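Undergrad: Sharing run_8.txt, compact mmCIF, C-alpha atoms:
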# COMPACT_ATOMS: atom_id res chain seq x y z
CA MET A 1 100.73 102.17 58.96
CA LEU A 2 100.31 104.28 55.86
CA ALA A 3 97.36 103.44 53.66
CA THR A 4 97.98 102.64 50.01
CA MET A 5 95.92 102.61 46.84
CA PRO A 6 96.64 100.80 43.57
CA GLN A 7 97.76 103.30 40.94
CA ASP A 8 95.33 101.92 38.36
CA THR A 9 92.29 102.63 40.56
CA ASP A 10 90.04 105.47 39.35
CA LEU A 11 88.18 107.40 42.07
CA PRO A 12 86.74 110.86 42.67
CA LEU A 13 89.37 113.31 43.92
CA THR A 14 87.85 113.41 47.41
CA ALA A 15 88.02 109.63 47.62
CA LEU A 16 91.67 109.66 46.57
CA ARG A 17 92.39 111.84 49.60
CA ARG A 18 90.26 109.74 51.94
CA ARG A 19 91.82 106.45 50.86
CA GLY A 20 95.40 107.46 51.39
CA PHE A 21 96.56 109.36 48.33
CA LEU A 22 98.29 111.94 50.47
CA ALA A 23 99.74 109.29 52.75
CA MET A 24 101.27 107.59 49.75
CA ALA A 25 102.72 110.89 48.66
CA ALA A 26 104.87 110.99 51.77
CA LEU A 27 106.62 107.68 51.15
CA GLY A 28 109.38 109.07 48.96
CA SER A 29 110.51 112.03 51.10
CA GLY A 30 111.94 112.75 54.50
CA CYS A 31 110.27 114.82 57.20
CA ALA A 32 110.00 118.55 56.61
CA VAL A 33 111.71 120.87 59.08
CA ASN A 34 110.07 124.02 60.46
CA THR A 35 107.16 123.92 58.02
CA ASP A 36 105.58 127.02 59.59
CA ARG A 37 108.56 129.34 59.20
CA ASP A 38 107.75 132.77 57.87
CA HIS A 39 109.04 133.54 54.38
CA SER A 40 109.69 137.27 54.53
CA GLY A 41 112.94 137.82 52.65
CA ASP A 42 113.43 139.61 49.35
CA ASP A 43 112.39 136.49 47.44
CA ALA A 44 109.10 136.03 49.31
CA PRO A 45 106.16 136.04 46.85
CA LEU A 46 103.99 139.12 46.67
CA SER A 47 101.15 140.55 44.65
CA ALA A 48 102.12 143.68 42.75
CA PRO A 49 100.86 145.71 39.78
CA LEU A 50 101.80 144.15 36.46
CA PRO A 51 104.51 145.95 34.45
CA ARG A 52 102.11 146.26 31.52
CA ARG A 53 98.43 145.72 30.83
CA PRO A 54 97.70 142.22 29.55
CA ARG A 55 95.49 142.12 26.47
CA LEU A 56 94.82 138.39 26.75
CA ALA A 57 95.12 135.97 29.67
CA TRP A 58 94.94 132.21 29.98
CA VAL A 59 93.42 131.02 33.27
CA LEU A 60 94.11 127.44 34.42
CA SER A 61 91.87 126.05 37.16
CA SER A 62 92.55 123.93 40.18
CA GLY A 63 91.66 120.25 39.99
CA GLY A 64 94.21 117.94 41.60
CA PRO A 65 94.89 114.94 39.32
CA ARG A 66 92.32 116.33 36.89
CA GLY A 67 94.83 119.09 36.21
CA PHE A 68 96.70 116.80 33.80
CA VAL A 69 94.09 117.97 31.29
CA HIS A 70 95.84 121.36 31.26
CA VAL A 71 98.85 119.70 29.66
CA GLY A 72 96.78 118.61 26.67
CA VAL A 73 95.21 122.06 26.36
CA LEU A 74 98.61 123.76 26.45
CA LYS A 75 99.97 121.31 23.91
CA ALA A 76 97.13 122.17 21.53
CA LEU A 77 97.49 125.91 22.11
CA ASP A 78 101.19 125.58 21.38
CA GLU A 79 100.43 123.87 18.06
CA LEU A 80 97.91 126.57 17.20
CA GLY A 81 100.69 129.12 17.59
CA VAL A 82 98.90 131.31 20.12
CA VAL A 83 100.56 132.95 23.14
CA PRO A 84 99.01 134.89 26.06
CA ASP A 85 100.20 138.08 27.67
CA LEU A 86 99.40 136.65 31.11
CA LEU A 87 98.97 133.20 32.65
CA VAL A 88 96.94 132.85 35.86
CA GLY A 89 96.77 129.52 37.67
CA ALA A 90 95.14 128.08 40.77
CA SER A 91 96.59 125.04 42.54
CA VAL A 92 97.76 122.52 39.93
CA GLY A 93 96.92 125.19 37.36
CA SER A 94 99.56 127.44 38.92
CA MET A 95 102.21 124.80 38.39
CA LEU A 96 101.38 124.45 34.69
CA ALA A 97 101.05 128.22 34.31
CA VAL A 98 104.54 128.83 35.72
CA LEU A 99 106.16 126.12 33.61
CA ARG A 100 104.48 127.44 30.46
CA ALA A 101 105.43 131.02 31.37
CA ALA A 102 109.03 129.86 31.61
CA GLY A 103 108.88 128.76 27.99
CA MET A 104 108.17 125.04 28.20
CA THR A 105 106.55 123.77 25.01
CA GLY A 106 103.47 121.57 24.93
CA LEU A 107 105.57 118.53 24.09
CA GLU A 108 107.97 119.25 26.95
CA LEU A 109 105.06 119.57 29.36
CA GLU A 110 103.60 116.31 28.11
CA ARG A 111 106.87 114.44 28.59
CA LEU A 112 107.25 115.93 32.05
CA ALA A 113 103.68 115.00 33.04
CA LEU A 114 104.07 111.41 31.89
CA ASP A 115 107.48 110.95 33.49
CA LEU A 116 106.64 112.72 36.75
CA SER A 117 105.99 110.75 39.93
CA PRO A 118 103.17 112.79 41.53
CA LEU A 119 103.65 110.94 44.80
CA SER A 120 107.08 112.54 45.22
CA LEU A 121 105.68 116.06 45.57
CA ALA A 122 104.90 115.88 49.30
CA ARG A 123 106.56 114.95 52.55
CA ILE A 124 105.34 114.22 56.06
CA ALA A 125 104.98 117.23 58.36
CA ASN A 126 103.34 117.89 61.74
CA VAL A 127 102.54 114.21 62.28
CA PHE A 128 102.85 114.62 66.03
CA GLY A 129 101.82 118.28 66.19
CA GLY A 130 98.51 119.88 66.95
CA GLU A 131 97.68 120.98 63.41
CA SER A 132 95.42 118.87 61.22
CA GLU A 133 97.65 119.23 58.16
CA ARG A 134 99.99 116.27 57.85
CA PHE A 135 101.98 117.03 54.72
CA SER A 136 104.36 119.68 53.46
CA GLY A 137 104.37 120.76 49.84
CA ALA A 138 108.01 121.85 50.03
CA PRO A 139 108.98 119.30 47.32
CA VAL A 140 106.61 121.15 44.96
CA ALA A 141 108.61 124.33 45.45
CA GLU A 142 111.87 122.46 44.93
CA PHE A 143 110.56 120.83 41.76
CA ILE A 144 109.47 124.18 40.28
CA ARG A 145 112.80 125.83 41.12
CA ASP A 146 114.73 122.98 39.49
CA GLN A 147 112.65 123.20 36.31
CA LEU A 148 113.01 126.99 36.06
CA GLN A 149 116.74 126.94 36.71
CA ASP A 150 117.16 124.48 33.86
CA LYS A 151 114.90 126.47 31.53
CA VAL A 152 115.54 130.16 32.21
CA ASN A 153 118.18 130.25 34.96
CA SER A 154 115.84 132.18 37.27
CA THR A 155 113.30 131.20 39.89
CA ARG A 156 111.53 134.56 40.18
CA LEU A 157 108.05 135.00 38.76
CA GLU A 158 108.66 138.50 37.40
CA GLN A 159 111.68 137.31 35.41
CA LEU A 160 109.83 134.68 33.36
CA PRO A 161 109.27 135.37 29.64
CA ILE A 162 105.47 135.55 30.06
CA MET A 163 103.75 137.35 32.93
CA VAL A 164 102.28 134.83 35.37
CA ALA A 165 100.33 134.82 38.64
CA CYS A 166 99.79 132.04 41.17
CA VAL A 167 96.48 132.29 43.01
CA ALA A 168 96.30 131.43 46.72
CA GLN A 169 93.95 132.09 49.63
CA ARG A 170 95.03 134.04 52.71
CA ILE A 171 93.48 132.46 55.81
CA ASP A 172 94.68 134.81 58.55
CA GLY A 173 92.44 137.71 59.53
CA GLN A 174 90.27 138.77 56.63
CA ARG A 175 90.33 135.97 54.10
CA LYS A 176 91.46 137.17 50.72
CA THR A 177 92.28 135.58 47.38
CA VAL A 178 95.62 136.88 46.11
CA ALA A 179 97.62 136.53 42.90
CA PHE A 180 101.35 136.24 43.53
CA ASN A 181 103.24 137.60 40.51
CA GLN A 182 106.63 138.47 41.99
CA GLY A 183 109.19 136.59 44.05
CA ASP A 184 110.05 132.91 44.42
CA ALA A 185 108.00 130.92 41.89
CA GLY A 186 108.44 127.66 43.78
CA LEU A 187 107.07 129.07 47.00
CA ALA A 188 104.18 130.75 45.16
CA VAL A 189 103.17 127.44 43.56
CA GLN A 190 103.52 125.66 46.89
CA ALA A 191 101.17 128.16 48.54
CA SER A 192 98.72 127.92 45.65
CA SER A 193 98.74 124.11 45.94
CA ALA A 194 98.50 123.75 49.75
CA VAL A 195 95.18 121.92 50.04
CA GLU A 196 93.56 123.21 53.22
CA GLY A 197 93.35 120.55 55.93
CA GLN A 198 95.80 118.25 54.12
CA PHE A 199 98.96 120.29 53.45
CA THR A 200 100.54 122.76 55.82
CA PRO A 201 99.74 126.38 54.92
CA VAL A 202 102.64 128.45 53.61
CA ARG A 203 103.47 131.47 55.75
CA ILE A 204 104.49 134.48 53.66
CA ARG A 205 105.20 137.89 55.17
CA GLY A 206 103.36 136.93 58.34
CA ASP A 207 100.17 135.52 56.75
CA ARG A 208 99.30 131.89 55.99
CA TYR A 209 98.20 130.88 52.49
CA VAL A 210 96.46 127.78 51.13
CA ASP A 211 95.01 126.41 47.92
CA ALA A 212 92.16 128.63 46.68
CA ASP A 213 90.16 125.68 45.31
CA ALA A 214 87.35 126.13 47.85
CA TYR A 215 87.11 129.86 47.14
CA MET A 216 88.05 130.65 43.53
CA PRO A 217 88.95 127.49 41.58
CA LEU A 218 88.82 129.26 38.19
CA PRO A 219 90.19 132.78 38.87
CA VAL A 220 88.94 134.57 35.75
CA ARG A 221 87.62 137.57 37.68
CA LEU A 222 91.01 137.93 39.34
CA ALA A 223 92.64 137.98 35.89
CA ARG A 224 90.18 140.71 34.90
CA GLN A 225 91.12 142.68 38.00
CA MET A 226 94.76 142.41 36.90
CA GLY A 227 93.77 144.14 33.67
CA ALA A 228 93.13 141.28 31.25
CA GLU A 229 90.90 142.46 28.40
CA ARG A 230 90.18 138.97 27.05
CA VAL A 231 90.34 135.62 28.84
CA LEU A 232 90.61 132.01 27.73
CA ALA A 233 89.76 129.81 30.72
CA VAL A 234 90.40 126.10 31.22
CA ASP A 235 88.10 124.36 33.71
CA ALA A 236 89.45 120.98 34.89
CA SER A 237 86.48 120.20 37.14
CA ALA A 238 84.23 117.17 36.75
CA HIS A 239 81.15 117.13 34.53
CA GLU A 240 78.80 116.46 37.42
CA ASP A 241 75.79 116.23 35.10
CA ARG A 242 77.37 113.12 33.56
CA ALA A 243 78.39 111.46 36.81
CA PRO A 244 78.00 107.66 36.60
CA THR A 245 75.94 105.40 38.82
CA GLY A 246 77.57 105.17 42.23
CA ALA A 247 78.88 108.73 42.26
CA GLY A 248 75.89 110.19 44.14
CA ARG A 249 77.75 110.53 47.43
CA TYR A 250 80.16 113.00 45.80
CA ARG A 251 77.49 115.12 44.13
CA ASN A 252 77.23 117.76 46.88
CA GLY A 253 80.94 118.46 46.54
CA ASP A 254 80.58 118.65 42.77
CA LEU A 255 77.73 121.13 43.06
CA ARG A 256 79.66 123.33 45.50
CA LYS A 257 82.56 123.36 43.07
CA ARG A 258 80.28 124.25 40.18
CA ALA A 259 78.73 127.13 42.15
CA ASN A 260 82.24 128.52 42.70
CA THR A 261 83.26 127.97 39.09
CA LEU A 262 80.26 129.31 37.17
CA PRO A 263 80.69 133.05 37.87
CA ASP A 264 84.24 132.93 36.55
CA ALA A 265 83.41 130.70 33.59
CA ARG A 266 80.78 133.26 32.57
CA ALA A 267 83.31 136.08 32.94
CA ALA A 268 85.66 134.46 30.39
CA ASN A 269 85.46 135.08 26.65
CA LEU A 270 85.87 131.35 26.07
CA THR A 271 85.90 128.52 28.60
CA LEU A 272 87.22 125.07 27.72
CA HIS A 273 85.84 122.27 29.91
CA PRO A 274 87.26 119.00 28.53
CA ASP A 275 85.49 115.76 29.42
CA PHE A 276 87.69 112.76 30.17
CA GLY A 277 85.46 110.82 32.53
CA TYR A 278 84.34 111.30 36.10
CA TRP A 279 86.76 109.08 38.02
CA VAL A 280 90.39 110.07 38.52
CA SER A 281 93.68 108.44 39.50
CA LEU A 282 97.41 108.98 39.24
CA SER A 283 97.97 106.12 36.81
CA ALA A 284 99.84 106.54 33.54
CA GLU A 285 96.66 105.56 31.67
CA PHE A 286 94.64 108.30 33.39
CA ARG A 287 97.31 110.92 32.73
CA GLN A 288 97.47 110.00 29.06
CA ARG A 289 93.67 110.01 28.74
CA SER A 290 93.43 113.42 30.41
CA ILE A 291 96.10 114.93 28.17
CA GLU A 292 94.48 113.51 25.04
CA ALA A 293 91.06 114.89 26.04
CA GLY A 294 92.50 118.35 26.69
CA TYR A 295 94.25 118.32 23.33
CA ARG A 296 91.19 117.03 21.43
CA ASP A 297 88.67 119.42 22.98
CA THR A 298 90.98 122.40 22.46
CA MET A 299 91.60 121.57 18.82
CA ALA A 300 87.82 121.29 18.36
CA GLN A 301 87.65 125.00 19.32
CA ALA A 302 90.61 126.03 17.14
CA ALA A 303 88.70 128.57 15.07
CA ARG A 304 87.25 130.35 18.12
CA ILE A 305 90.63 130.30 19.88
CA LYS A 306 92.43 131.83 16.91
CA ALA A 307 89.75 134.50 16.57
CA LEU A 308 90.05 135.36 20.25
CA HIS A 309 93.82 135.80 19.95
CA ALA A 310 93.55 137.77 16.73
CA GLY A 311 91.27 140.41 18.24
Using structure tokens, write down the structure that the file contains.

TA:
Amino acid sequence: MLATMPQDTDLPLTALRRRGFLAMAALGSGCAVNTDRDHSGDDAPLSAPLPRRPRLAWVLSSGGPRGFVHVGVLKALDELGVVPDLLVGASVGSMLAVLRAAGMTGLELERLALDLSPLSLARIANVFGGESERFSGAPVAEFIRDQLQDKVNSTRLEQLPIMVACVAQRIDGQRKTVAFNQGDAGLAVQASSAVEGQFTPVRIRGDRYVDADAYMPLPVRLARQMGAERVLAVDASAHEDRAPTGAGRYRNGDLRKRANTLPDARAANLTLHPDFGYWVSLSAEFRQRSIEAGYRDTMAQAARIKALHAG
């Protein structure tokens, strides 16, 4: 029997996974077919040199449900009238990066985030197989393609109005963090969001790719390698120094995440790290609170943000 969790329950992200968040996600979809097939056609994502050097990049971190904060940040940036040359996203950050690169406004992203059923973005896979991953992120790819077709009538990354890259981790052979910036946007976001050990890896051109959260959750240095001269980074991770009583069991995970995040946060010109509480959920109240915090904390840095974009 699939475990369930009340939608108004706030928990750390790891606890959401342990208590059945991913199992719930499978309720709305059928079984995936051939989840390990190799995507090697002309539309398969790849990492290629950018067509032009980006002066300024926005980098959106991983974060699972905490990624709703990106919506508030993007809404504020939209109101401030600033636009990047390049968007780079990891995991949930890749989804928001692609949608923003396609031209979605802050208000459109907010409406989408509040109307979205996050539990519809997965389906059961490999339940009886030998792999540990039990879910396919194929609905994520389908969702992204649908949104892009409606917005720009194209599903290819290189054809979006703003340059964008989806960060994923190659797990075959020599592990490598890559930034997909050409090919099928849906598949690139799916690979970027494939939580290792929970979602099936995405096989692209013979190699398997997963979420880079455990390796580079805030890929600022990767944006620099792509040529970005200035970087505004958005860190959706928890404020572990303000963890409440009872959160001690999750502290080691928080500290590992911080160790992976700090080098990139320091490499950015400006890092936004909105605080909207330690516990997370998929409830409408949590989503609204996250969006409001992202908007508020970004507007509080309006002068610095405008100066960064004016340089």

Undergrad: So, counting all atoms listed in the file, which residue among A:Met95, A:Ala188, A:Ala247, A:Ala76 is closest to Thr298 (chain A)?

TA: A:Ala76

Undergrad: Between A:Gly137, A:Gly294, A:Pro274, A:Gly106, which has the minimum distance to Val210 (chain A) (counting only C-alpha atoms)?

TA: A:Gly137

Undergrad: Report, in Å to a single decimal, how far apart CA of Gly206 (chain A) and CA of Asp172 (chain A) are.

TA: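 That distance, rounded to one decimal, is 8.9 Å.
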
Undergrad: Would you mind telling me which residue in A:Ile171, A:Ala165, A:Ile144, A:Ala223 lies nearest to Leu99 (chain A) when using only C-alpha atoms?

TA: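 Between A:Ile171, A:Ala165, A:Ile144, A:Ala223, the residue approaching Leu99 (chain A) most closely is A:Ile144.
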
Undergrad: If I take CA of Arg175 (chain A) and CA of Ala212 (chain A), how far is one from the other in Å, to one decimal?

TA: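 Answer for the CA of Arg175 (chain A) to CA of Ala212 (chain A) separation: 10.6 Å.
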
Undergrad: Separation of CA of Leu107 (chain A) and CA of Gly67 (chain A), in Å?

TA: 16.2 Å

Undergrad: Please provide the set of residues having any atom within 12 Å of Arg205 (chain A), restricted to only C-alpha atoms, with same-chain residues fewer than 3 positions apart removed, written as a PyMOL selection string.

TA: chain A and resi 36-47+170+172+183+202+208-209

Undergrad: So that I can check the surroundings of Asp275 (chain A), please list as a list in words every protein, DNA and RNA residue that reaches within 9 Å of it, counting all atoms listed in the file and ignoring chain neighbours fewer than 2 positions away.

TA: Ala236, Ser237, Ala238, His239, His273, Gly277, Tyr278, Ser290, Ala293, Gly294 and Asp297 of chain A

Undergrad: Would you mind telling me which residue in A:Gly72, A:Pro217, A:Gly311, A:Pro49 lies nearest to Val195 (chain A) when using all atoms listed in the file?

TA: A:Pro217

Undergrad: Could you check the closest approach to Val140 (chain A) for each of A:Ala259, A:Cys166, A:Ala307, A:Val189 and tell me which residue wins, using all atoms listed in the file?

TA: A:Val189

Undergrad: Closest to Val69 (chain A) among A:Ser91, A:Gln288, A:Ser136, A:Gln301, using all atoms listed in the file?

TA: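 Closest to Val69 (chain A) of all the choices is A:Gln288.
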
Undergrad: Any idea what's packed within 8 Å of region 54-58 of chain A, counting all atoms listed in the file, ignoring anything in its chain fewer than 5 positions away? Could you give it as a PDB file with C-alpha atoms, keeping the file's coordinate frame?

TA:
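selection20.pdb, freshly written:
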ATOM      1  CA  PRO A  84      99.010 134.890  26.060  1.00  0.00           C
ATOM      2  CA  ASP A  85     100.200 138.080  27.670  1.00  0.00           C
ATOM      3  CA  LEU A  86      99.400 136.650  31.110  1.00  0.00           C
ATOM      4  CA  LEU A  87      98.970 133.200  32.650  1.00  0.00           C
ATOM      5  CA  VAL A  88      96.940 132.850  35.860  1.00  0.00           C
ATOM      6  CA  ALA A 223      92.640 137.980  35.890  1.00  0.00           C
ATOM      7  CA  MET A 226      94.760 142.410  36.900  1.00  0.00           C
ATOM      8  CA  GLY A 227      93.770 144.140  33.670  1.00  0.00           C
ATOM      9  CA  ALA A 228      93.130 141.280  31.250  1.00  0.00           C
ATOM     10  CA  GLU A 229      90.900 142.460  28.400  1.00  0.00           C
ATOM     11  CA  ARG A 230      90.180 138.970  27.050  1.00  0.00           C
ATOM     12  CA  VAL A 231      90.340 135.620  28.840  1.00  0.00           C
ATOM     13  CA  LEU A 232      90.610 132.010  27.730  1.00  0.00           C
ATOM     14  CA  ALA A 233      89.760 129.810  30.720  1.00  0.00           C
ATOM     15  CA  VAL A 234      90.400 126.100  31.220  1.00  0.00           C
ATOM     16  CA  HIS A 309      93.820 135.800  19.950  1.00  0.00           C
TER      17      HIS A 309
END
